[in-house]
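Undergrad: Have a peek at query-v6.cif (mmCIF, C-alpha atoms and all ligand atoms).
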data_upload
#
loop_
_atom_site.group_PDB
_atom_site.id
_atom_site.type_symbol
_atom_site.label_atom_id
_atom_site.label_comp_id
_atom_site.auth_asym_id
_atom_site.auth_seq_id
_atom_site.Cartn_x
_atom_site.Cartn_y
_atom_site.Cartn_z
ATOM 1 C CA MET A 1262 -28.831 -23.416 -10.555
ATOM 2 C CA ILE A 1263 -28.251 -19.664 -10.547
ATOM 3 C CA SER A 1264 -31.200 -17.602 -11.804
ATOM 4 C CA GLU A 1265 -30.802 -15.031 -14.564
ATOM 5 C CA GLN A 1266 -31.216 -12.187 -12.091
ATOM 6 C CA ILE A 1267 -28.603 -13.534 -9.682
ATOM 7 C CA ASN A 1268 -26.269 -14.148 -12.607
ATOM 8 C CA GLU A 1269 -26.718 -10.554 -13.780
ATOM 9 C CA ILE A 1270 -26.141 -9.040 -10.338
ATOM 10 C CA LEU A 1271 -23.061 -11.209 -9.697
ATOM 11 C CA ASN A 1272 -21.587 -10.225 -13.051
ATOM 12 C CA GLU A 1273 -22.229 -6.573 -12.085
ATOM 13 C CA GLN A 1274 -20.473 -7.221 -8.797
ATOM 14 C CA ILE A 1275 -17.390 -8.584 -10.593
ATOM 15 C CA ASN A 1276 -17.241 -5.302 -12.476
ATOM 16 C CA LYS A 1277 -17.571 -3.268 -9.263
ATOM 17 C CA GLU A 1278 -14.759 -5.226 -7.601
ATOM 18 C CA PHE A 1279 -12.463 -4.747 -10.597
ATOM 19 C CA TYR A 1280 -13.375 -1.054 -10.701
ATOM 20 C CA SER A 1281 -12.453 -0.786 -6.999
ATOM 21 C CA GLY A 1282 -9.071 -2.273 -7.893
ATOM 22 C CA TYR A 1283 -8.659 0.276 -10.695
ATOM 23 C CA LEU A 1284 -9.606 3.151 -8.403
ATOM 24 C CA TYR A 1285 -7.178 2.097 -5.674
ATOM 25 C CA LEU A 1286 -4.359 1.632 -8.184
ATOM 26 C CA SER A 1287 -5.004 5.144 -9.445
ATOM 27 C CA MET A 1288 -4.900 6.445 -5.872
ATOM 28 C CA SER A 1289 -1.744 4.455 -5.204
ATOM 29 C CA ALA A 1290 -0.004 6.155 -8.132
ATOM 30 C CA ASN A 1291 -1.084 9.517 -6.739
ATOM 31 C CA MET A 1292 0.340 8.709 -3.285
ATOM 32 C CA LYS A 1293 3.587 7.631 -4.920
ATOM 33 C CA GLU A 1294 3.771 10.994 -6.696
ATOM 34 C CA LEU A 1295 3.498 12.683 -3.307
ATOM 35 C CA GLY A 1296 6.362 10.548 -1.972
ATOM 36 C CA LEU A 1297 4.053 8.659 0.402
ATOM 37 C CA ASN A 1298 5.315 5.192 -0.445
ATOM 38 C CA GLY A 1299 3.657 3.510 2.547
ATOM 39 C CA PHE A 1300 0.210 4.821 1.606
ATOM 40 C CA ALA A 1301 0.929 3.889 -2.017
ATOM 41 C CA SER A 1302 1.887 0.358 -1.035
ATOM 42 C CA TRP A 1303 -1.187 -0.054 1.201
ATOM 43 C CA LEU A 1304 -3.447 1.018 -1.659
ATOM 44 C CA ARG A 1305 -1.705 -1.269 -4.113
ATOM 45 C CA HIS A 1306 -2.311 -4.230 -1.786
ATOM 46 C CA GLN A 1307 -5.920 -3.137 -1.492
ATOM 47 C CA ALA A 1308 -6.222 -3.004 -5.283
ATOM 48 C CA GLY A 1309 -4.913 -6.582 -5.452
ATOM 49 C CA GLU A 1310 -7.506 -7.657 -2.890
ATOM 50 C CA GLU A 1311 -10.295 -6.149 -4.949
ATOM 51 C CA VAL A 1312 -9.183 -8.047 -8.036
ATOM 52 C CA GLU A 1313 -9.163 -11.213 -5.898
ATOM 53 C CA HIS A 1314 -12.738 -10.449 -4.841
ATOM 54 C CA GLY A 1315 -13.761 -10.126 -8.488
ATOM 55 C CA LEU A 1316 -12.066 -13.437 -9.278
ATOM 56 C CA ARG A 1317 -13.797 -15.102 -6.341
ATOM 57 C CA ILE A 1318 -17.161 -14.278 -7.921
ATOM 58 C CA TYR A 1319 -15.872 -15.223 -11.375
ATOM 59 C CA ASP A 1320 -14.854 -18.665 -10.075
ATOM 60 C CA HIS A 1321 -18.132 -19.052 -8.212
ATOM 61 C CA LEU A 1322 -20.143 -18.459 -11.404
ATOM 62 C CA ILE A 1323 -18.047 -20.995 -13.284
ATOM 63 C CA ASP A 1324 -18.248 -23.533 -10.435
ATOM 64 C CA ARG A 1325 -22.015 -23.240 -10.466
ATOM 65 C CA ASP A 1326 -22.148 -23.697 -14.210
ATOM 66 C CA SER A 1327 -23.351 -20.151 -14.735
ATOM 67 C CA PHE A 1328 -22.350 -17.573 -17.307
ATOM 68 C CA VAL A 1329 -19.483 -15.043 -16.903
ATOM 69 C CA LYS A 1330 -20.111 -11.810 -18.772
ATOM 70 C CA LEU A 1331 -17.296 -9.330 -18.194
ATOM 71 C CA LYS A 1332 -18.283 -5.702 -18.655
ATOM 72 C CA GLN A 1333 -16.346 -2.578 -19.478
ATOM 73 C CA ILE A 1334 -14.505 -1.089 -16.502
ATOM 74 C CA ARG A 1335 -15.036 2.649 -16.221
ATOM 75 C CA ILE A 1336 -12.106 5.046 -15.961
ATOM 76 C CA PRO A 1337 -11.268 5.834 -12.328
ATOM 77 C CA GLU A 1338 -10.529 9.316 -11.004
ATOM 78 C CA PHE A 1339 -6.884 10.237 -11.287
ATOM 79 C CA GLN A 1340 -6.735 13.664 -9.664
ATOM 80 C CA PHE A 1341 -7.089 13.835 -5.920
ATOM 81 C CA ASN A 1342 -7.125 16.502 -3.317
ATOM 82 C CA GLY A 1343 -4.755 15.170 -0.642
ATOM 83 C CA ILE A 1344 -4.617 12.062 1.526
ATOM 84 C CA LEU A 1345 -7.647 12.745 3.679
ATOM 85 C CA SER A 1346 -9.806 13.305 0.634
ATOM 86 C CA VAL A 1347 -8.475 10.058 -0.907
ATOM 87 C CA PHE A 1348 -9.452 8.050 2.171
ATOM 88 C CA ASN A 1349 -12.821 9.763 2.505
ATOM 89 C CA THR A 1350 -13.480 8.831 -1.122
ATOM 90 C CA ILE A 1351 -12.502 5.222 -0.363
ATOM 91 C CA TYR A 1352 -14.806 5.144 2.642
ATOM 92 C CA GLU A 1353 -17.765 6.426 0.622
ATOM 93 C CA HIS A 1354 -16.940 3.998 -2.168
ATOM 94 C CA GLU A 1355 -16.753 1.045 0.222
ATOM 95 C CA LYS A 1356 -20.119 1.984 1.724
ATOM 96 C CA CYS A 1357 -21.601 1.782 -1.798
ATOM 97 C CA ILE A 1358 -19.962 -1.613 -2.293
ATOM 98 C CA THR A 1359 -21.409 -2.810 1.022
ATOM 99 C CA ALA A 1360 -24.865 -1.671 -0.100
ATOM 100 C CA SER A 1361 -24.343 -3.481 -3.370
ATOM 101 C CA VAL A 1362 -23.347 -6.727 -1.603
ATOM 102 C CA MET A 1363 -26.426 -6.382 0.614
ATOM 103 C CA THR A 1364 -28.577 -6.104 -2.517
ATOM 104 C CA VAL A 1365 -27.138 -9.393 -3.759
ATOM 105 C CA ALA A 1366 -27.940 -10.980 -0.389
ATOM 106 C CA LYS A 1367 -31.495 -9.612 -0.464
ATOM 107 C CA LEU A 1368 -32.109 -10.959 -3.939
ATOM 108 C CA ALA A 1369 -30.700 -14.362 -2.982
ATOM 109 C CA GLU A 1370 -32.957 -14.352 0.080
ATOM 110 C CA ASP A 1371 -36.012 -13.498 -2.024
ATOM 111 C CA GLU A 1372 -35.163 -16.325 -4.393
ATOM 112 C CA CYS A 1373 -34.377 -18.771 -1.552
ATOM 113 C CA ASP A 1374 -30.963 -19.276 -3.180
ATOM 114 C CA ARG A 1375 -29.070 -20.564 -0.136
ATOM 115 C CA THR A 1376 -25.840 -21.216 -2.017
ATOM 116 C CA THR A 1377 -25.536 -17.607 -3.133
ATOM 117 C CA LEU A 1378 -26.538 -16.449 0.344
ATOM 118 C CA ASN A 1379 -23.715 -18.480 1.899
ATOM 119 C CA PHE A 1380 -21.323 -17.265 -0.752
ATOM 120 C CA VAL A 1381 -22.155 -13.620 -0.213
ATOM 121 C CA ASP A 1382 -21.770 -13.870 3.575
ATOM 122 C CA TRP A 1383 -18.001 -13.823 3.153
ATOM 123 C CA PHE A 1384 -18.255 -10.513 1.279
ATOM 124 C CA ILE A 1385 -20.417 -8.968 3.998
ATOM 125 C CA GLU A 1386 -17.774 -9.819 6.631
ATOM 126 C CA GLU A 1387 -15.048 -8.508 4.359
ATOM 127 C CA GLN A 1388 -16.877 -5.212 3.863
ATOM 128 C CA ILE A 1389 -17.176 -4.707 7.627
ATOM 129 C CA GLU A 1390 -13.407 -5.197 7.984
ATOM 130 C CA GLU A 1391 -12.592 -2.900 5.078
ATOM 131 C CA GLU A 1392 -14.839 -0.075 6.240
ATOM 132 C CA GLU A 1393 -13.340 -0.333 9.712
ATOM 133 C CA ALA A 1394 -9.739 -0.267 8.435
ATOM 134 C CA VAL A 1395 -10.385 2.779 6.252
ATOM 135 C CA LYS A 1396 -12.277 4.584 9.016
ATOM 136 C CA THR A 1397 -9.317 4.080 11.371
ATOM 137 C CA ILE A 1398 -6.969 5.659 8.826
ATOM 138 C CA ILE A 1399 -9.352 8.614 8.419
ATOM 139 C CA LYS A 1400 -9.613 9.125 12.187
ATOM 140 C CA ARG A 1401 -5.843 9.196 12.514
ATOM 141 C CA LEU A 1402 -5.402 11.581 9.594
ATOM 142 C CA GLU A 1403 -7.962 13.910 11.153
ATOM 143 C CA LEU A 1404 -6.322 13.643 14.548
ATOM 144 C CA PHE A 1405 -2.806 14.324 13.272
ATOM 145 C CA GLY A 1406 -3.831 17.246 11.048
ATOM 146 C CA ASP A 1407 -0.718 19.021 9.751
ATOM 147 C CA ASP A 1408 1.700 17.052 11.949
ATOM 148 C CA LYS A 1409 4.253 15.876 9.378
ATOM 149 C CA VAL A 1410 6.110 13.589 11.789
ATOM 150 C CA ALA A 1411 2.879 11.731 12.563
ATOM 151 C CA LEU A 1412 2.209 11.434 8.838
ATOM 152 C CA PHE A 1413 5.704 10.078 8.270
ATOM 153 C CA LEU A 1414 5.210 7.458 10.997
ATOM 154 C CA MET A 1415 1.831 6.499 9.621
ATOM 155 C CA ASP A 1416 3.311 6.117 6.151
ATOM 156 C CA ARG A 1417 5.938 3.817 7.628
ATOM 157 C CA GLU A 1418 3.304 1.774 9.442
ATOM 158 C CA LEU A 1419 1.156 1.356 6.324
ATOM 159 C CA ALA A 1420 4.221 0.184 4.405
ATOM 160 C CA GLN A 1421 4.235 -2.913 6.671
ATOM 161 C CA ARG A 1422 1.087 -4.329 5.078
ATOM 162 C CA GLU A 1423 1.987 -7.609 3.441
ATOM 163 C CA GLN A 1424 -1.283 -8.687 1.865
HETATM 164 FE FE1 LIG A 1501 -14.215 -5.900 -2.554
HETATM 165 O O1 LIG A 1501 -14.097 -5.149 -0.970
HETATM 166 FE FE2 LIG A 1501 -13.908 -3.325 -1.172
HETATM 167 O O2 LIG A 1501 -14.744 -2.933 -2.647
#
Spell out the structure here as structure tokens.
Ligand code: OFO
TA:
Amino acid sequence: MISEQINEILNEQINKEFYSGYLYLSMSANMKELGLNGFASWLRHQAGEEVEHGLRIYDHLIDRDSFVKLKQIRIPEFQFNGILSVFNTIYEHEKCITASVMTVAKLAEDECDRTTLNFVDWFIEEQIEEEEAVKTIIKRLELFGDDKVALFLMDRELAQREQ
């Protein structure tokens, strides 16, 4: 049985995952406007992943006979200051999401809720991967600076992402 507090924090987490999807879709549209279709496609895939994360929690609540309470999704930013700034924003955002997942884990630990602890483990692993992937993109963008050929090649590489 999921406690009221765990239910509340998991419902919050659904909202954060859906908001992440919204934010990345907004960024994807911005990349498309700049003609960076590979970056746009990468971000669109990422947005889809975030929605999947939200649904994973949604299904978990239902499977455990707990209550789903969807909340309003706030409006994401829609004006950005270039690619590097977009990816720095993502990195900061993902760090907040990691902290939020850790808070769920801490609460589950305090409540000795082993099922939620096991469930949230997957998200912790996922956050490590996501932060690492975004950090790599940032490092490359910083390294390449104004080199347009490098940016073109990177855009082509990011276009390869299939899921
Ligand atoms: Fe859901 O992994 Fe990022 O936010």
Undergrad: Work out how far CA of Ala1420 (chain A) is from CA of Val1347 (chain A), in Å to one decimal.
TA: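 It comes out at 16.9 Å.
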Undergrad: Kindly indicate which residue among A:Gln1333, A:Ser1287, A:Thr1377, A:Gln1274 lies nearest to ligand LIG 1501 (chain A), using all atoms listed in the file for the distances.
TA: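 When distances to ligand LIG 1501 (chain A) are compared using all atoms listed in the file, the smallest one comes from A:Gln1274.
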Undergrad: Sort by chain and increasing residue number a table of all residues of chain A within 7 Å of ligand LIG 1501 (chain A), each with its closest pair of atoms and their distance in Å to one decimal, counting all atoms listed in the file, and write it as a tab-separated table.
TA:
residue	atom	partner	partner_atom	distance
A:Glu1278	CA	A:LIG1501	FE1	5.1
A:Ser1281	CA	A:LIG1501	O2	5.4
A:Glu1310	CA	A:LIG1501	FE1	6.9
A:Glu1311	CA	A:LIG1501	FE1	4.6
A:His1314	CA	A:LIG1501	FE1	5.3
A:Glu1355	CA	A:LIG1501	O2	5.3
A:Ile1358	CA	A:LIG1501	O2	5.4
A:Glu1387	CA	A:LIG1501	O1	6.4
A:Gln1388	CA	A:LIG1501	O1	5.6
A:Glu1391	CA	A:LIG1501	FE2	6.4
Undergrad: Could you expand the PyMOL selection byres (((chain A and resi 1399) around 10) and not hetatm) into the explicit residues it covers here, written as a list in words?
TA: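 That expression, the PyMOL selection byres (((chain A and resi 1399) around 10) and not hetatm), corresponds here to Ile1344, Leu1345, Ser1346, Val1347, Phe1348, Asn1349, Ile1351, Tyr1352, Glu1393, Ala1394, Val1395, Lys1396, Thr1397, Ile1398, Lys1400, Arg1401, Leu1402, Glu1403, Leu1404 and Phe1405 of chain A.
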Undergrad: Starting from the displayed file, determine the output of the PyMOL selection byres (((chain A and resi 1280) around 9) and not hetatm) and express the residue list as a list in words.
TA: Ile1275, Asn1276, Lys1277, Glu1278, Phe1279, Ser1281, Gly1282, Tyr1283, Leu1284, Tyr1285, Glu1311, Val1312, Ile1334, Arg1335, Ile1336 and Pro1337 of chain A
Undergrad: Could you tell me which residues the PyMOL selection byres (((chain A and resi 1300) around 12) and not hetatm) grabs in this file, written as a PDB file with C-alpha atoms, in the frame of the given file?
TA:
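Saved result, out.pdb, follows:
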ATOM      1  CA  TYR A1285      -7.178   2.097  -5.674  1.00  0.00           C
ATOM      2  CA  LEU A1286      -4.359   1.632  -8.184  1.00  0.00           C
ATOM      3  CA  MET A1288      -4.900   6.445  -5.872  1.00  0.00           C
ATOM      4  CA  SER A1289      -1.744   4.455  -5.204  1.00  0.00           C
ATOM      5  CA  ALA A1290      -0.004   6.155  -8.132  1.00  0.00           C
ATOM      6  CA  ASN A1291      -1.084   9.517  -6.739  1.00  0.00           C
ATOM      7  CA  MET A1292       0.340   8.709  -3.285  1.00  0.00           C
ATOM      8  CA  LYS A1293       3.587   7.631  -4.920  1.00  0.00           C
ATOM      9  CA  GLU A1294       3.771  10.994  -6.696  1.00  0.00           C
ATOM     10  CA  LEU A1295       3.498  12.683  -3.307  1.00  0.00           C
ATOM     11  CA  GLY A1296       6.362  10.548  -1.972  1.00  0.00           C
ATOM     12  CA  LEU A1297       4.053   8.659   0.402  1.00  0.00           C
ATOM     13  CA  ASN A1298       5.315   5.192  -0.445  1.00  0.00           C
ATOM     14  CA  GLY A1299       3.657   3.510   2.547  1.00  0.00           C
ATOM     15  CA  ALA A1301       0.929   3.889  -2.017  1.00  0.00           C
ATOM     16  CA  SER A1302       1.887   0.358  -1.035  1.00  0.00           C
ATOM     17  CA  TRP A1303      -1.187  -0.054   1.201  1.00  0.00           C
ATOM     18  CA  LEU A1304      -3.447   1.018  -1.659  1.00  0.00           C
ATOM     19  CA  ARG A1305      -1.705  -1.269  -4.113  1.00  0.00           C
ATOM     20  CA  HIS A1306      -2.311  -4.230  -1.786  1.00  0.00           C
ATOM     21  CA  GLN A1307      -5.920  -3.137  -1.492  1.00  0.00           C
ATOM     22  CA  GLY A1343      -4.755  15.170  -0.642  1.00  0.00           C
ATOM     23  CA  ILE A1344      -4.617  12.062   1.526  1.00  0.00           C
ATOM     24  CA  LEU A1345      -7.647  12.745   3.679  1.00  0.00           C
ATOM     25  CA  VAL A1347      -8.475  10.058  -0.907  1.00  0.00           C
ATOM     26  CA  PHE A1348      -9.452   8.050   2.171  1.00  0.00           C
ATOM     27  CA  VAL A1395     -10.385   2.779   6.252  1.00  0.00           C
ATOM     28  CA  ILE A1398      -6.969   5.659   8.826  1.00  0.00           C
ATOM     29  CA  LEU A1402      -5.402  11.581   9.594  1.00  0.00           C
ATOM     30  CA  LEU A1412       2.209  11.434   8.838  1.00  0.00           C
ATOM     31  CA  PHE A1413       5.704  10.078   8.270  1.00  0.00           C
ATOM     32  CA  LEU A1414       5.210   7.458  10.997  1.00  0.00           C
ATOM     33  CA  MET A1415       1.831   6.499   9.621  1.00  0.00           C
ATOM     34  CA  ASP A1416       3.311   6.117   6.151  1.00  0.00           C
ATOM     35  CA  ARG A1417       5.938   3.817   7.628  1.00  0.00           C
ATOM     36  CA  GLU A1418       3.304   1.774   9.442  1.00  0.00           C
ATOM     37  CA  LEU A1419       1.156   1.356   6.324  1.00  0.00           C
ATOM     38  CA  ALA A1420       4.221   0.184   4.405  1.00  0.00           C
ATOM     39  CA  GLN A1421       4.235  -2.913   6.671  1.00  0.00           C
ATOM     40  CA  ARG A1422       1.087  -4.329   5.078  1.00  0.00           C
TER      41      ARG A1422
END
Undergrad: Kindly give the distance, in Å, that separates CA of Asn1342 (chain A) and CA of Asp1407 (chain A), rounded to a single decimal.
TA: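 Going from CA of Asn1342 (chain A) over to CA of Asp1407 (chain A), I get 14.8 Å.
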Undergrad: One number please: CA of Ile1263 (chain A) to CA of Ile1318 (chain A), in Å, one decimal.
TA: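 We find that CA of Ile1263 (chain A) and CA of Ile1318 (chain A) lie 12.6 Å from each other.
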Undergrad: Restricting the calculation to all atoms listed in the file, which member of A:Lys1356, A:Phe1339, A:Glu1372, A:Phe1384 is positioned closest to Gly1315 (chain A)?
TA: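 Residue with the minimum atom-to-atom distance to Gly1315 (chain A): A:Phe1384.
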Undergrad: Restricting the calculation to all atoms listed in the file, which member of A:Glu1273, A:Glu1265, A:Glu1313, A:Leu1322 is positioned closest to Thr1376 (chain A)?
TA: A:Leu1322
Undergrad: Please complete region 1357-1374 of chain A with N, CA and C atoms and give it back as a PDB file, keeping the file's coordinate frame.
TA:
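See part_36.pdb below for the written result:
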ATOM      1  N   CYS A1357     -20.783   2.144  -0.615  1.00  0.00           N
ATOM      2  CA  CYS A1357     -21.601   1.782  -1.798  1.00  0.00           C
ATOM      3  C   CYS A1357     -21.436   0.295  -2.116  1.00  0.00           C
ATOM      4  N   ILE A1358     -20.200  -0.194  -1.997  1.00  0.00           N
ATOM      5  CA  ILE A1358     -19.962  -1.613  -2.293  1.00  0.00           C
ATOM      6  C   ILE A1358     -20.696  -2.485  -1.265  1.00  0.00           C
ATOM      7  N   THR A1359     -20.680  -2.055  -0.012  1.00  0.00           N
ATOM      8  CA  THR A1359     -21.409  -2.810   1.022  1.00  0.00           C
ATOM      9  C   THR A1359     -22.894  -2.867   0.666  1.00  0.00           C
ATOM     10  N   ALA A1360     -23.441  -1.710   0.259  1.00  0.00           N
ATOM     11  CA  ALA A1360     -24.865  -1.671  -0.100  1.00  0.00           C
ATOM     12  C   ALA A1360     -25.122  -2.615  -1.279  1.00  0.00           C
ATOM     13  N   SER A1361     -24.178  -2.645  -2.191  1.00  0.00           N
ATOM     14  CA  SER A1361     -24.343  -3.481  -3.370  1.00  0.00           C
ATOM     15  C   SER A1361     -24.316  -4.976  -3.002  1.00  0.00           C
ATOM     16  N   VAL A1362     -23.423  -5.329  -2.076  1.00  0.00           N
ATOM     17  CA  VAL A1362     -23.347  -6.727  -1.603  1.00  0.00           C
ATOM     18  C   VAL A1362     -24.644  -7.098  -0.876  1.00  0.00           C
ATOM     19  N   MET A1363     -25.165  -6.145  -0.109  1.00  0.00           N
ATOM     20  CA  MET A1363     -26.426  -6.382   0.614  1.00  0.00           C
ATOM     21  C   MET A1363     -27.574  -6.617  -0.377  1.00  0.00           C
ATOM     22  N   THR A1364     -27.530  -5.918  -1.497  1.00  0.00           N
ATOM     23  CA  THR A1364     -28.577  -6.104  -2.517  1.00  0.00           C
ATOM     24  C   THR A1364     -28.511  -7.516  -3.098  1.00  0.00           C
ATOM     25  N   VAL A1365     -27.282  -8.009  -3.273  1.00  0.00           N
ATOM     26  CA  VAL A1365     -27.138  -9.393  -3.759  1.00  0.00           C
ATOM     27  C   VAL A1365     -27.757 -10.345  -2.724  1.00  0.00           C
ATOM     28  N   ALA A1366     -27.430 -10.104  -1.457  1.00  0.00           N
ATOM     29  CA  ALA A1366     -27.940 -10.980  -0.389  1.00  0.00           C
ATOM     30  C   ALA A1366     -29.474 -10.951  -0.353  1.00  0.00           C
ATOM     31  N   LYS A1367     -30.042  -9.759  -0.518  1.00  0.00           N
ATOM     32  CA  LYS A1367     -31.495  -9.612  -0.464  1.00  0.00           C
ATOM     33  C   LYS A1367     -32.150 -10.394  -1.613  1.00  0.00           C
ATOM     34  N   LEU A1368     -31.561 -10.258  -2.782  1.00  0.00           N
ATOM     35  CA  LEU A1368     -32.109 -10.959  -3.939  1.00  0.00           C
ATOM     36  C   LEU A1368     -32.020 -12.479  -3.743  1.00  0.00           C
ATOM     37  N   ALA A1369     -30.876 -12.924  -3.225  1.00  0.00           N
ATOM     38  CA  ALA A1369     -30.700 -14.362  -2.982  1.00  0.00           C
ATOM     39  C   ALA A1369     -31.722 -14.843  -1.944  1.00  0.00           C
ATOM     40  N   GLU A1370     -31.976 -13.999  -0.955  1.00  0.00           N
ATOM     41  CA  GLU A1370     -32.957 -14.352   0.080  1.00  0.00           C
ATOM     42  C   GLU A1370     -34.344 -14.489  -0.548  1.00  0.00           C
ATOM     43  N   ASP A1371     -34.694 -13.491  -1.365  1.00  0.00           N
ATOM     44  CA  ASP A1371     -36.012 -13.498  -2.024  1.00  0.00           C
ATOM     45  C   ASP A1371     -36.185 -14.725  -2.904  1.00  0.00           C
ATOM     46  N   GLU A1372     -35.081 -15.169  -3.489  1.00  0.00           N
ATOM     47  CA  GLU A1372     -35.163 -16.325  -4.393  1.00  0.00           C
ATOM     48  C   GLU A1372     -34.905 -17.652  -3.677  1.00  0.00           C
ATOM     49  N   CYS A1373     -34.709 -17.573  -2.347  1.00  0.00           N
ATOM     50  CA  CYS A1373     -34.377 -18.771  -1.552  1.00  0.00           C
ATOM     51  C   CYS A1373     -33.147 -19.482  -2.133  1.00  0.00           C
ATOM     52  N   ASP A1374     -32.190 -18.710  -2.628  1.00  0.00           N
ATOM     53  CA  ASP A1374     -30.963 -19.276  -3.180  1.00  0.00           C
ATOM     54  C   ASP A1374     -29.920 -19.339  -2.051  1.00  0.00           C
TER      55      ASP A1374
END
